[in-house]
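target_3.cif (mmCIF, C-alpha atoms and all ligand atoms)
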```cif
data_work
loop_
_atom_site.group_PDB
_atom_site.id
_atom_site.type_symbol
_atom_site.label_atom_id
_atom_site.label_comp_id
_atom_site.auth_asym_id
_atom_site.auth_seq_id
_atom_site.Cartn_x
_atom_site.Cartn_y
_atom_site.Cartn_z
ATOM 1 C CA MET A 1 10.341 -11.251 17.659
ATOM 2 C CA THR A 2 12.669 -10.477 14.779
ATOM 3 C CA GLU A 3 16.431 -10.074 14.965
ATOM 4 C CA LEU A 4 17.074 -6.564 13.615
ATOM 5 C CA LEU A 5 20.316 -6.902 11.638
ATOM 6 C CA PHE A 6 20.138 -3.324 10.262
ATOM 7 C CA ARG A 7 20.491 -1.990 13.820
ATOM 8 C CA ASP A 8 24.108 -3.163 14.127
ATOM 9 C CA ASP A 9 25.065 -2.970 10.462
ATOM 10 C CA GLY A 10 23.224 -0.560 8.183
ATOM 11 C CA TYR A 11 25.289 -1.751 5.197
ATOM 12 C CA LEU A 12 23.796 -5.268 5.009
ATOM 13 C CA GLY A 13 21.893 -5.589 1.746
ATOM 14 C CA SER A 14 20.592 -9.114 2.278
ATOM 15 C CA CYS A 15 20.369 -11.983 4.766
ATOM 16 C CA ALA A 16 19.154 -15.568 4.991
ATOM 17 C CA ALA A 17 15.987 -15.850 7.076
ATOM 18 C CA GLN A 18 13.034 -18.064 7.855
ATOM 19 C CA VAL A 19 9.357 -17.137 7.521
ATOM 20 C CA ILE A 20 7.690 -17.067 10.965
ATOM 21 C CA ALA A 21 4.227 -16.044 9.802
ATOM 22 C CA ALA A 22 2.447 -14.579 6.777
ATOM 23 C CA ASP A 23 -0.999 -13.013 6.534
ATOM 24 C CA GLU A 24 -2.816 -10.260 4.625
ATOM 25 C CA ARG A 25 -0.713 -7.611 6.444
ATOM 26 C CA GLY A 26 2.576 -9.141 5.327
ATOM 27 C CA VAL A 27 5.413 -11.520 6.159
ATOM 28 C CA ARG A 28 7.283 -11.829 9.450
ATOM 29 C CA LEU A 29 10.825 -13.272 9.471
ATOM 30 C CA ASP A 30 13.098 -14.524 12.267
ATOM 31 C CA ARG A 31 15.741 -11.961 11.191
ATOM 32 C CA THR A 32 15.808 -9.143 8.688
ATOM 33 C CA VAL A 33 17.791 -6.395 6.984
ATOM 34 C CA PHE A 34 14.549 -4.503 6.120
ATOM 35 C CA TYR A 35 14.177 -1.265 8.109
ATOM 36 C CA PRO A 36 10.545 -0.648 9.167
ATOM 37 C CA ALA A 37 9.234 2.917 8.668
ATOM 38 C CA GLY A 38 9.861 5.033 11.744
ATOM 39 C CA GLY A 39 11.659 8.093 13.071
ATOM 40 C CA GLY A 40 11.032 9.931 9.792
ATOM 41 C CA GLN A 41 12.769 7.263 7.667
ATOM 42 C CA PRO A 42 10.629 5.292 5.179
ATOM 43 C CA GLY A 43 10.408 1.505 5.283
ATOM 44 C CA ASP A 44 12.588 -0.532 2.937
ATOM 45 C CA THR A 45 11.475 -2.148 -0.300
ATOM 46 C CA GLY A 46 12.985 -5.227 -1.942
ATOM 47 C CA VAL A 47 12.332 -8.935 -2.482
ATOM 48 C CA LEU A 48 12.164 -12.253 -0.654
ATOM 49 C CA ARG A 49 13.904 -14.944 -2.739
ATOM 50 C CA PHE A 50 13.107 -18.646 -2.395
ATOM 51 C CA ALA A 51 15.429 -21.592 -2.996
ATOM 52 C CA SER A 52 13.438 -22.260 -6.205
ATOM 53 C CA GLY A 53 14.699 -18.964 -7.597
ATOM 54 C CA GLN A 54 11.219 -17.471 -7.415
ATOM 55 C CA ALA A 55 10.921 -14.103 -5.646
ATOM 56 C CA ILE A 56 8.117 -12.028 -4.169
ATOM 57 C CA ALA A 57 8.176 -8.226 -4.072
ATOM 58 C CA ILE A 58 8.143 -6.298 -0.790
ATOM 59 C CA VAL A 59 6.695 -2.811 -1.354
ATOM 60 C CA ASP A 60 7.036 -1.453 2.198
ATOM 61 C CA THR A 61 8.203 -2.420 5.684
ATOM 62 C CA ILE A 62 6.333 -1.414 8.831
ATOM 63 C CA LYS A 63 6.473 -2.037 12.567
ATOM 64 C CA GLY A 64 4.073 -4.520 14.163
ATOM 65 C CA GLU A 65 2.497 -4.188 17.605
ATOM 66 C CA GLY A 66 5.188 -6.113 19.468
ATOM 67 C CA ALA A 67 8.650 -4.801 20.311
ATOM 68 C CA ASP A 68 11.068 -5.433 17.422
ATOM 69 C CA GLU A 69 8.233 -6.836 15.286
ATOM 70 C CA VAL A 70 8.786 -6.137 11.585
ATOM 71 C CA ILE A 71 6.164 -6.683 8.875
ATOM 72 C CA HIS A 72 7.314 -7.034 5.262
ATOM 73 C CA VAL A 73 4.399 -5.767 3.164
ATOM 74 C CA LEU A 74 3.780 -7.774 -0.012
ATOM 75 C CA ALA A 75 2.841 -6.314 -3.384
ATOM 76 C CA PRO A 76 -0.886 -6.950 -4.105
ATOM 77 C CA GLY A 77 -1.519 -10.441 -5.460
ATOM 78 C CA GLU A 78 1.761 -11.961 -4.253
ATOM 79 C CA PRO A 79 1.337 -15.475 -2.767
ATOM 80 C CA LEU A 80 1.793 -15.911 1.002
ATOM 81 C CA PRO A 81 4.846 -18.050 1.842
ATOM 82 C CA GLU A 82 4.361 -20.928 4.316
ATOM 83 C CA PRO A 83 5.818 -20.567 7.839
ATOM 84 C CA GLY A 84 9.206 -22.287 7.993
ATOM 85 C CA THR A 85 10.128 -21.381 4.403
ATOM 86 C CA GLU A 86 13.785 -20.404 3.989
ATOM 87 C CA VAL A 87 14.281 -17.134 2.108
ATOM 88 C CA ILE A 88 16.926 -14.606 1.187
ATOM 89 C CA ALA A 89 15.656 -11.185 2.265
ATOM 90 C CA GLU A 90 17.133 -8.566 -0.057
ATOM 91 C CA ILE A 91 16.521 -4.815 0.115
ATOM 92 C CA ASP A 92 16.630 -2.298 -2.730
ATOM 93 C CA TRP A 93 20.116 -1.258 -1.641
ATOM 94 C CA GLU A 94 20.528 1.796 -3.866
ATOM 95 C CA ARG A 95 17.338 3.347 -2.492
ATOM 96 C CA ARG A 96 18.270 2.478 1.118
ATOM 97 C CA TYR A 97 21.762 3.946 0.687
ATOM 98 C CA ARG A 98 20.262 7.233 -0.509
ATOM 99 C CA LEU A 99 17.905 7.201 2.514
ATOM 100 C CA MET A 100 20.846 6.507 4.887
ATOM 101 C CA ARG A 101 22.870 9.354 3.402
ATOM 102 C CA MET A 102 19.987 11.824 3.641
ATOM 103 C CA HIS A 103 19.013 10.626 7.120
ATOM 104 C CA THR A 104 22.572 11.164 8.382
ATOM 105 C CA CYS A 105 22.603 14.584 6.729
ATOM 106 C CA LEU A 106 19.531 15.561 8.774
ATOM 107 C CA HIS A 107 21.597 14.908 11.929
ATOM 108 C CA LEU A 108 24.130 17.435 10.608
ATOM 109 C CA LEU A 109 21.370 19.939 9.860
ATOM 110 C CA CYS A 110 20.002 19.452 13.376
ATOM 111 C CA SER A 111 23.443 20.223 14.824
ATOM 112 C CA ILE A 112 23.824 23.586 13.037
ATOM 113 C CA VAL A 113 20.339 25.035 13.623
ATOM 114 C CA PRO A 114 19.578 26.239 17.149
ATOM 115 C CA GLY A 115 16.086 25.380 18.381
ATOM 116 C CA ALA A 116 14.019 22.265 18.980
ATOM 117 C CA VAL A 117 13.177 19.976 16.092
ATOM 118 C CA THR A 118 9.401 19.644 15.820
ATOM 119 C CA GLY A 119 9.210 17.244 12.869
ATOM 120 C CA GLY A 120 11.122 15.671 10.035
ATOM 121 C CA GLN A 121 10.951 13.341 7.079
ATOM 122 C CA VAL A 122 13.435 11.568 4.848
ATOM 123 C CA SER A 123 12.380 10.680 1.322
ATOM 124 C CA ASP A 124 14.287 9.389 -1.671
ATOM 125 C CA GLY A 125 16.802 12.108 -2.580
ATOM 126 C CA ARG A 126 15.270 14.712 -0.265
ATOM 127 C CA GLY A 127 14.773 15.438 3.412
ATOM 128 C CA ARG A 128 13.335 18.078 5.711
ATOM 129 C CA LEU A 129 13.385 19.144 9.337
ATOM 130 C CA ASP A 130 11.023 21.575 11.083
ATOM 131 C CA PHE A 131 12.559 23.814 13.741
ATOM 132 C CA ASP A 132 11.036 25.876 16.487
ATOM 133 C CA VAL A 133 13.016 29.081 15.805
ATOM 134 C CA PRO A 134 11.663 32.621 15.959
ATOM 135 C CA GLY A 135 12.154 35.222 13.226
ATOM 136 C CA SER A 136 13.880 34.615 9.917
ATOM 137 C CA SER A 137 17.433 34.030 11.096
ATOM 138 C CA LEU A 138 18.000 30.989 8.857
ATOM 139 C CA ASP A 139 19.861 31.535 5.624
ATOM 140 C CA LYS A 140 19.766 29.024 2.748
ATOM 141 C CA GLU A 141 23.248 29.724 1.419
ATOM 142 C CA ALA A 142 24.885 29.760 4.860
ATOM 143 C CA LEU A 143 23.271 26.457 5.859
ATOM 144 C CA THR A 144 24.248 24.849 2.542
ATOM 145 C CA ALA A 145 27.867 25.977 2.932
ATOM 146 C CA ARG A 146 28.133 24.759 6.542
ATOM 147 C CA LEU A 147 26.553 21.381 5.728
ATOM 148 C CA ASN A 148 28.919 20.757 2.832
ATOM 149 C CA GLU A 149 31.857 21.693 5.069
ATOM 150 C CA LEU A 150 30.806 19.125 7.699
ATOM 151 C CA ILE A 151 30.247 16.540 4.959
ATOM 152 C CA ALA A 152 33.701 17.093 3.427
ATOM 153 C CA GLU A 153 35.356 16.873 6.862
ATOM 154 C CA ALA A 154 34.515 13.136 6.938
ATOM 155 C CA HIS A 155 33.393 12.887 10.567
ATOM 156 C CA PRO A 156 32.979 9.266 11.725
ATOM 157 C CA VAL A 157 29.368 8.231 12.480
ATOM 158 C CA GLY A 158 28.461 5.365 14.781
ATOM 159 C CA PRO A 159 26.067 3.989 17.401
ATOM 160 C CA ARG A 160 26.554 4.082 21.141
ATOM 161 C CA TRP A 161 24.204 2.585 23.753
ATOM 162 C CA ILE A 162 23.456 4.227 27.104
ATOM 163 C CA THR A 163 21.011 3.323 29.866
ATOM 164 C CA ASP A 164 17.560 4.917 30.199
ATOM 165 C CA ALA A 165 18.782 6.487 33.457
ATOM 166 C CA GLU A 166 21.794 8.091 31.740
ATOM 167 C CA LEU A 167 19.530 9.522 29.053
ATOM 168 C CA ALA A 168 17.036 10.817 31.634
ATOM 169 C CA ALA A 169 19.948 12.647 33.279
ATOM 170 C CA GLN A 170 20.842 14.337 29.957
ATOM 171 C CA PRO A 171 17.500 15.477 28.447
ATOM 172 C CA GLU A 172 19.397 17.918 26.187
ATOM 173 C CA LEU A 173 20.364 14.922 24.042
ATOM 174 C CA VAL A 174 16.810 14.595 22.786
ATOM 175 C CA ARG A 175 16.627 17.271 20.108
ATOM 176 C CA THR A 176 13.840 15.723 18.091
ATOM 177 C CA MET A 177 10.789 16.176 20.270
ATOM 178 C CA SER A 178 8.435 14.497 17.811
ATOM 179 C CA VAL A 179 10.466 11.301 17.555
ATOM 180 C CA LYS A 180 10.736 9.014 20.563
ATOM 181 C CA PRO A 181 14.086 7.239 20.777
ATOM 182 C CA PRO A 182 14.032 3.442 20.883
ATOM 183 C CA SER A 183 14.088 2.635 24.602
ATOM 184 C CA GLY A 184 12.281 0.592 27.202
ATOM 185 C CA ALA A 185 14.634 -2.371 27.419
ATOM 186 C CA GLY A 186 16.811 -0.321 29.775
ATOM 187 C CA GLN A 187 19.086 0.797 26.941
ATOM 188 C CA VAL A 188 18.836 3.642 24.468
ATOM 189 C CA ARG A 189 20.643 3.787 21.162
ATOM 190 C CA LEU A 190 22.495 7.008 20.425
ATOM 191 C CA ILE A 191 24.045 8.013 17.133
ATOM 192 C CA GLU A 192 27.255 9.959 17.447
ATOM 193 C CA ILE A 193 28.791 12.062 14.702
ATOM 194 C CA SER A 194 32.228 12.649 16.203
ATOM 195 C CA GLY A 195 32.651 16.223 17.324
ATOM 196 C CA VAL A 196 29.345 17.294 15.756
ATOM 197 C CA ASP A 197 26.203 15.642 17.107
ATOM 198 C CA LEU A 198 24.972 13.055 19.598
ATOM 199 C CA GLN A 199 21.333 12.048 19.869
ATOM 200 C CA PRO A 200 19.046 9.050 20.300
ATOM 201 C CA CYS A 201 18.044 7.529 16.972
ATOM 202 C CA GLY A 202 16.861 4.141 15.730
ATOM 203 C CA GLY A 203 17.363 4.777 12.008
ATOM 204 C CA THR A 204 20.088 3.643 9.611
ATOM 205 C CA HIS A 205 23.216 5.738 9.051
ATOM 206 C CA ILE A 206 26.381 5.760 7.005
ATOM 207 C CA CYS A 207 29.865 5.459 8.636
ATOM 208 C CA SER A 208 31.358 8.788 7.612
ATOM 209 C CA THR A 209 29.805 12.129 6.727
ATOM 210 C CA ASN A 210 31.713 12.326 3.429
ATOM 211 C CA GLU A 211 29.549 9.476 2.081
ATOM 212 C CA ILE A 212 26.624 11.912 2.041
ATOM 213 C CA GLY A 213 28.050 13.808 -0.929
ATOM 214 C CA PRO A 214 27.197 17.422 -1.828
ATOM 215 C CA VAL A 215 23.792 18.704 -0.694
ATOM 216 C CA VAL A 216 21.824 21.896 -1.143
ATOM 217 C CA VAL A 217 19.198 23.606 1.015
ATOM 218 C CA THR A 218 16.495 24.081 -1.604
ATOM 219 C CA LYS A 219 13.965 25.957 0.499
ATOM 220 C CA ILE A 220 13.219 27.419 3.920
ATOM 221 C CA GLU A 221 9.470 27.678 4.514
ATOM 222 C CA ASN A 222 7.540 29.549 7.203
ATOM 223 C CA LYS A 223 5.155 27.121 8.848
ATOM 224 C CA GLY A 224 3.753 29.476 11.474
ATOM 225 C CA ARG A 225 5.310 32.211 13.604
ATOM 226 C CA GLN A 226 8.081 30.114 15.126
ATOM 227 C CA ASN A 227 8.185 27.113 12.846
ATOM 228 C CA ARG A 228 10.723 26.960 10.010
ATOM 229 C CA ARG A 229 10.882 24.055 7.582
ATOM 230 C CA VAL A 230 14.318 23.452 6.045
ATOM 231 C CA ILE A 231 14.251 21.308 2.889
ATOM 232 C CA LEU A 232 17.374 19.547 1.595
ATOM 233 C CA ALA A 233 18.262 17.663 -1.575
ATOM 234 C CA PHE A 234 21.340 15.984 -3.009
ATOM 235 C CA ALA A 235 23.212 18.446 -5.210
ATOM 236 C CA ASP A 236 24.094 15.886 -7.893
HETATM 237 ZN ZN ZN B 1 19.405 8.966 12.806
#
```
Can you give me the file's structure in the form of structure tokens?
Amino acid sequence: MTELLFRDDGYLGSCAAQVIAADERGVRLDRTVFYPAGGGQPGDTGVLRFASGQAIAIVDTIKGEGADEVIHVLAPGEPLPEPGTEVIAEIDWERRYRLMRMHTCLHLLCSIVPGAVTGGQVSDGRGRLDFDVPGSSLDKEALTARLNELIAEAHPVGPRWITDAELAAQPELVRTMSVKPPSGAGQVRLIEISGVDLQPCGGTHICSTNEIGPVVVTKIENKGRQNRRVILAFAD
């Protein structure tokens, strides 16, 4: 089991850690700042640095079979470190920060579009959500204007934990039907954007909506009679 440092502090760019195991799938550490792909957010990339100064490249991060198991995927040809090796685990922070900003922006988008979310994906500099909404009521310019308003208002963003039972009593909190919130240990992690949005989420987020910066809705696609795909990008 790996201690998931990104869960409490999404701003950590690196940490000291020890190699627990390494095989052809990748490296497992006792603690990590690398976010494993999930909930529509891609896995982190970066490096593991050794005391010798040598470093090996991590090209992706994925979940293992066990709860809280994180696998750091090595670039092809990289040597496998021995269990017990001390490393500095360091993510590509600039990429992660862009992913955190876009991920948080998708929460804002979710809050201003009525209808269930049926899918979503964050990628570097872009993001999209699919909504179950009938007709063509969504307007690119109106959504862009409302998003940028919420961004400029600098709403605080932060985690809050509730019990499985509390969540079961408030099913309306689960807007994203395709993404299961992290739960099972009796506690569910919610992300609250003060006065705007509250929903279960295991991803990484920024602390204030104004960190997102200006965005633009680049496209609204029809993906079937009721399904609308809203695509976002950073404006700068
Ligand atoms: Zn989230």
* To do: Take atom CA of Arg126 of chain A and atom CA of Val113 of chain A and report the distance between them in Å, one decimal.
  => 18.0 Å
* **Top pick for closest residue to ligand ZN 1 (chain B), considering A:Gly120, A:Gly26, A:Gly115, A:Pro134 and counting all atoms listed in the file** =>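 Nearest candidate to ligand ZN 1 (chain B) out of A:Gly120, A:Gly26, A:Gly115, A:Pro134: A:Gly120.
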* Write out as a list in words each polymer residue (protein, DNA or RNA) that has an atom no more than 6 Å from ligand ZN 1 (chain B), with only C-alpha atoms and all ligand atoms counted. =>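 For ligand ZN 1 (chain B), the residues inside 6 Å are His103, Thr104, Cys201 and Gly203 of chain A.
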* Asked: Applied to this file, what does the PyMOL selection byres (((chain A and resi 167) around 10) and not hetatm) return in terms of residues, put as a ChimeraX atom specification?
  -> /A:161-166,168-174,183,187-190,199-200
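From atom CA of Val33 of chain A back to atom CA of Gly127 of chain A, the distance works out to 22.3 Å.
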* Atomic separation - atom CA of Pro36 of chain A relative to atom CA of Ile71 of chain A, Å -> 7.5 Å
* Write out as a list in words each polymer residue whose atoms come within 9 Å of Thr2 of chain A, counting only C-alpha atoms; drop sequence neighbours fewer than 6 positions from it. => Arg28, Leu29, Asp30, Arg31, Thr32, Ala67, Asp68, Glu69 and Val70 of chain A
* **Residues within 7 Å of (9.2, -3.9, 3.4), file coords, all atoms listed in the file, listed as a ChimeraX atom specification** => /A:34,36,43-46,58-62,71-73
* To do: Starting from the shown file, work through the PyMOL selection byres (((chain A and resi 100) around 6) and not hetatm) and note down what comes out as a list in words.
  =>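 Expected selection for the PyMOL selection byres (((chain A and resi 100) around 6) and not hetatm) here is Tyr97, Arg98, Leu99, Arg101, Met102, His103, Thr204, His205 and Ile206 of chain A.
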* **Option closest in space to Val122 of chain A, from A:Lys63, A:Arg25, A:Arg95, A:Arg160 [counting all atoms listed in the file]** => A:Arg95
* Considering all atoms listed in the file, state which residue in the set A:Leu4, A:Arg49, A:Leu74, A:Pro156 is at the smallest distance from Asp23 of chain A. => A:Leu74
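The smallest atom-to-atom distance between Ala235 of chain A and any of A:Val117, A:Ile220, A:Cys207, A:Ile212, using all atoms listed in the file, is found for A:Ile212.
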* **Residue members of the PyMOL selection byres (((chain A and resi 85-88) around 12) and not hetatm) in the file shown, as a VMD selection string** => chain A and resid 13 to 22 27 to 34 46 to 56 80 to 84 89 to 91
* Go through A:Glu78, A:Glu153, A:Glu211, A:Asp8 one by one, measure the shortest atom-to-atom distance of each to Ser194 of chain A using all atoms listed in the file, and give the residue with the smallest value. =>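 With all atoms listed in the file as the atom set, the closest residue is A:Glu153.
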Write out as an mmCIF file with C-alpha atoms, in the frame of the given file the residues lying within 9 Å of Val196 of chain A, counting all atoms listed in the file and excluding same-chain residues fewer than 3 positions away.
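So part.cif came out as:
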```
data_model
loop_
_atom_site.group_PDB
_atom_site.id
_atom_site.type_symbol
_atom_site.label_atom_id
_atom_site.label_comp_id
_atom_site.auth_asym_id
_atom_site.auth_seq_id
_atom_site.Cartn_x
_atom_site.Cartn_y
_atom_site.Cartn_z
ATOM 1 C CA HIS A 107 21.597 14.908 11.929
ATOM 2 C CA LEU A 108 24.130 17.435 10.608
ATOM 3 C CA SER A 111 23.443 20.223 14.824
ATOM 4 C CA ILE A 112 23.824 23.586 13.037
ATOM 5 C CA LEU A 150 30.806 19.125 7.699
ATOM 6 C CA HIS A 155 33.393 12.887 10.567
ATOM 7 C CA GLU A 192 27.255 9.959 17.447
ATOM 8 C CA ILE A 193 28.791 12.062 14.702
#
```
* Test item: residues at most 8 Å from Pro214 of chain A, all atoms listed in the file, excluding those fewer than 5 positions along its chain, as a PyMOL selection string -> chain A and resi 148+151+234-236
* Between A:Gln121, A:Thr218, A:Gln41, A:Asn227, single out the one closest to Asp139 of chain A, counting all atoms listed in the file. =>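 Going through A:Gln121, A:Thr218, A:Gln41, A:Asn227 one by one, the smallest distance to Asp139 of chain A is for A:Thr218.
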